[in-house]
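Q: Pasting in a structure now, in structure tokens, and then I'll have a few things to ask.
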Amino acid sequence: MEDTVIAIFSVVFPLLIVMVIVWFIQVSRLFARLREHHPQEYEAMGRPTLFANNTPQTNFSLLKFFMGNRARELGDDVLVRQCAFLKKFFYVYLSLFLGLMSLMVVMAVSGS
């Protein structure tokens with residue numbers, strides 16, 4: 001079983017790292033789209049950026065934006081596609097991350 005866990009970890013952990021990089025790129029593109037095409041919406045979200053203005057409030061605004069229907073209300077098909085991708089990507093990442101953490105807890109509890 002330990003070999004299986006190591007094999008799973010050695011695949012999933014690097015995948016999660018790559019997914020974080022993809023996430024940063026896609027969120028950066030979303031912010032750029034909002035800033036250039038929907039400046040009022042961008043302002044309402046608190047002018048979020050990846051690092052400089054990355055607060056719990058702007059993170060919550062981002063999640064609320066791409067999980068909700070605001071992009072569709074703005075009538076921007078590119079933005080709608082970006083948000084749909086981010087929503088799916090978020091769920092896949094969260095599932096992989098929680099699965100990996102659960103596996104690590106099970107291994108720690110079982111003493112392996």
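Convention: chains lettered A, B, ... in structure tokens order; per-chain residue numbering from 1; ligands numbered from 1 as shown.
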For A:Asn54, find every residue with an atom within 12 Å (counting only C-alpha atoms), except residues of its own chain fewer than 5 positions away, and show them as a ChimeraX atom specification.
A: /A:27-28,31,45-49,59-62
Q: When DSSP works through the backbone of this structure, what residues of chain A end up as helix (DSSP H, G or I), shown as a PyMOL selection string?
A: chain A and resi 2-37+39-44+56-67+70-74+77-110
Q: At a cut-off of 12 Å, using only C-alpha atoms, what residues contact A:Gly75? Leave out same-chain residues fewer than 5 positions from it and give the result as a list in words.
A: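 Listed by chain and then number, they are His37, His38, Asn69, Arg70, Val80 and Arg81 of chain A.
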Q: What does the distance between atom CA of A:Val92 and atom CA of A:Glu36 come to in Å, to one decimal place?
A: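 For atom CA of A:Val92 relative to atom CA of A:Glu36, the distance reads 28.6 Å.
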Q: Would you list the contacts of A:Thr4 as a list in words, taking every protein, DNA or RNA residue within 12 Å and counting only C-alpha atoms, but skipping same-chain residues closer than 5 positions in sequence?
A: Phe9, Ser10, Val11, Leu103, Met107 and Ser112 of chain A
Q: Closest to A:Arg72 among A:Leu15, A:Met1, A:Ala7, A:Ala84, using only C-alpha atoms?
A: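 Smallest separation from A:Arg72 among the options: A:Ala84.
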Q: Calculated over only C-alpha atoms, which of the candidates A:Ser95, A:Ser102, A:Gln40, A:Gln26 has the smallest distance to A:Phe66?
A: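 When distances to A:Phe66 are compared using only C-alpha atoms, the smallest one comes from A:Gln26.
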Q: Enter the distance from atom CA of A:Ile8 to atom CA of A:Gly99, in Å, rounded to one decimal.
A: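 Spanning atom CA of A:Ile8 to atom CA of A:Gly99 is a straight-line distance of 10.4 Å.
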Q: Just the residues within 12 Å of A:Arg29, please, counting only C-alpha atoms, with nothing from its chain fewer than 4 positions along; format it as a list in words.
A: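 Within the cut-off, the hits are Val22, Trp23, Phe24, Ile25, Arg33, Leu34, Arg35, Glu36, His37, Pro48, Thr49, Leu50, Val78, Leu79, Arg81, Gln82, Cys83, Phe85 and Leu86 of chain A.
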Q: Keeping only N, CA and C atoms, write the selected residues to a file as a PDB file, in the first residue's frame.
A:
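Everything below was put into again24.pdb:
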ATOM      1  N   VAL A  22      -1.133  27.263 -13.991  1.00  0.00           N
ATOM      2  CA  VAL A  22      -2.215  27.492 -14.954  1.00  0.00           C
ATOM      3  C   VAL A  22      -3.269  28.420 -14.345  1.00  0.00           C
ATOM      4  N   TRP A  23      -3.578  28.207 -13.080  1.00  0.00           N
ATOM      5  CA  TRP A  23      -4.553  29.057 -12.383  1.00  0.00           C
ATOM      6  C   TRP A  23      -4.119  30.520 -12.405  1.00  0.00           C
ATOM      7  N   PHE A  24      -2.859  30.764 -12.052  1.00  0.00           N
ATOM      8  CA  PHE A  24      -2.350  32.137 -12.044  1.00  0.00           C
ATOM      9  C   PHE A  24      -2.468  32.780 -13.425  1.00  0.00           C
ATOM     10  N   ILE A  25      -2.131  32.031 -14.455  1.00  0.00           N
ATOM     11  CA  ILE A  25      -2.209  32.558 -15.821  1.00  0.00           C
ATOM     12  C   ILE A  25      -3.656  32.894 -16.183  1.00  0.00           C
ATOM     13  N   ARG A  33      -8.983  41.070 -18.743  1.00  0.00           N
ATOM     14  CA  ARG A  33     -10.229  41.227 -19.501  1.00  0.00           C
ATOM     15  C   ARG A  33     -11.178  42.187 -18.778  1.00  0.00           C
ATOM     16  N   LEU A  34     -11.299  41.990 -17.484  1.00  0.00           N
ATOM     17  CA  LEU A  34     -12.164  42.878 -16.703  1.00  0.00           C
ATOM     18  C   LEU A  34     -11.650  44.313 -16.721  1.00  0.00           C
ATOM     19  N   ARG A  35     -10.358  44.469 -16.515  1.00  0.00           N
ATOM     20  CA  ARG A  35      -9.753  45.806 -16.463  1.00  0.00           C
ATOM     21  C   ARG A  35      -9.935  46.543 -17.792  1.00  0.00           C
ATOM     22  N   GLU A  36      -9.768  45.833 -18.912  1.00  0.00           N
ATOM     23  CA  GLU A  36      -9.814  46.462 -20.235  1.00  0.00           C
ATOM     24  C   GLU A  36     -11.232  46.638 -20.784  1.00  0.00           C
ATOM     25  N   HIS A  37     -12.114  45.675 -20.518  1.00  0.00           N
ATOM     26  CA  HIS A  37     -13.438  45.696 -21.143  1.00  0.00           C
ATOM     27  C   HIS A  37     -14.582  46.028 -20.183  1.00  0.00           C
ATOM     28  N   PRO A  48      -8.649  43.820  -8.218  1.00  0.00           N
ATOM     29  CA  PRO A  48      -7.807  42.689  -7.812  1.00  0.00           C
ATOM     30  C   PRO A  48      -6.615  42.476  -8.744  1.00  0.00           C
ATOM     31  N   THR A  49      -5.529  42.000  -8.169  1.00  0.00           N
ATOM     32  CA  THR A  49      -4.351  41.570  -8.920  1.00  0.00           C
ATOM     33  C   THR A  49      -3.890  40.252  -8.314  1.00  0.00           C
ATOM     34  N   LEU A  50      -2.948  39.614  -8.980  1.00  0.00           N
ATOM     35  CA  LEU A  50      -2.464  38.335  -8.459  1.00  0.00           C
ATOM     36  C   LEU A  50      -1.739  38.485  -7.134  1.00  0.00           C
ATOM     37  N   VAL A  78     -16.428  36.005 -24.142  1.00  0.00           N
ATOM     38  CA  VAL A  78     -15.064  35.609 -23.753  1.00  0.00           C
ATOM     39  C   VAL A  78     -14.995  35.465 -22.239  1.00  0.00           C
ATOM     40  N   LEU A  79     -15.561  36.411 -21.540  1.00  0.00           N
ATOM     41  CA  LEU A  79     -15.580  36.386 -20.081  1.00  0.00           C
ATOM     42  C   LEU A  79     -16.383  35.191 -19.565  1.00  0.00           C
ATOM     43  N   ARG A  81     -16.747  32.302 -21.051  1.00  0.00           N
ATOM     44  CA  ARG A  81     -15.906  31.107 -21.239  1.00  0.00           C
ATOM     45  C   ARG A  81     -14.791  31.045 -20.200  1.00  0.00           C
ATOM     46  N   GLN A  82     -14.179  32.195 -19.916  1.00  0.00           N
ATOM     47  CA  GLN A  82     -13.115  32.223 -18.911  1.00  0.00           C
ATOM     48  C   GLN A  82     -13.654  31.789 -17.550  1.00  0.00           C
ATOM     49  N   CYS A  83     -14.808  32.298 -17.187  1.00  0.00           N
ATOM     50  CA  CYS A  83     -15.393  31.952 -15.889  1.00  0.00           C
ATOM     51  C   CYS A  83     -15.802  30.483 -15.834  1.00  0.00           C
ATOM     52  N   PHE A  85     -14.380  28.038 -17.444  1.00  0.00           N
ATOM     53  CA  PHE A  85     -13.138  27.283 -17.291  1.00  0.00           C
ATOM     54  C   PHE A  85     -12.648  27.341 -15.848  1.00  0.00           C
ATOM     55  N   LEU A  86     -12.612  28.547 -15.271  1.00  0.00           N
ATOM     56  CA  LEU A  86     -12.117  28.699 -13.900  1.00  0.00           C
ATOM     57  C   LEU A  86     -12.967  27.916 -12.909  1.00  0.00           C
TER      58      LEU A  86
END
Q: Nearest residue to A:Leu16 out of A:Ala44, A:Leu100, A:Ala52, A:Asp77, using only C-alpha atoms?
A: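 Nearest to A:Leu16: A:Leu100.
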Q: Quick one: pull the distance between atom CA of A:Pro14 and atom CA of A:Phe51, Å, one decimal.
A: 22.4 Å
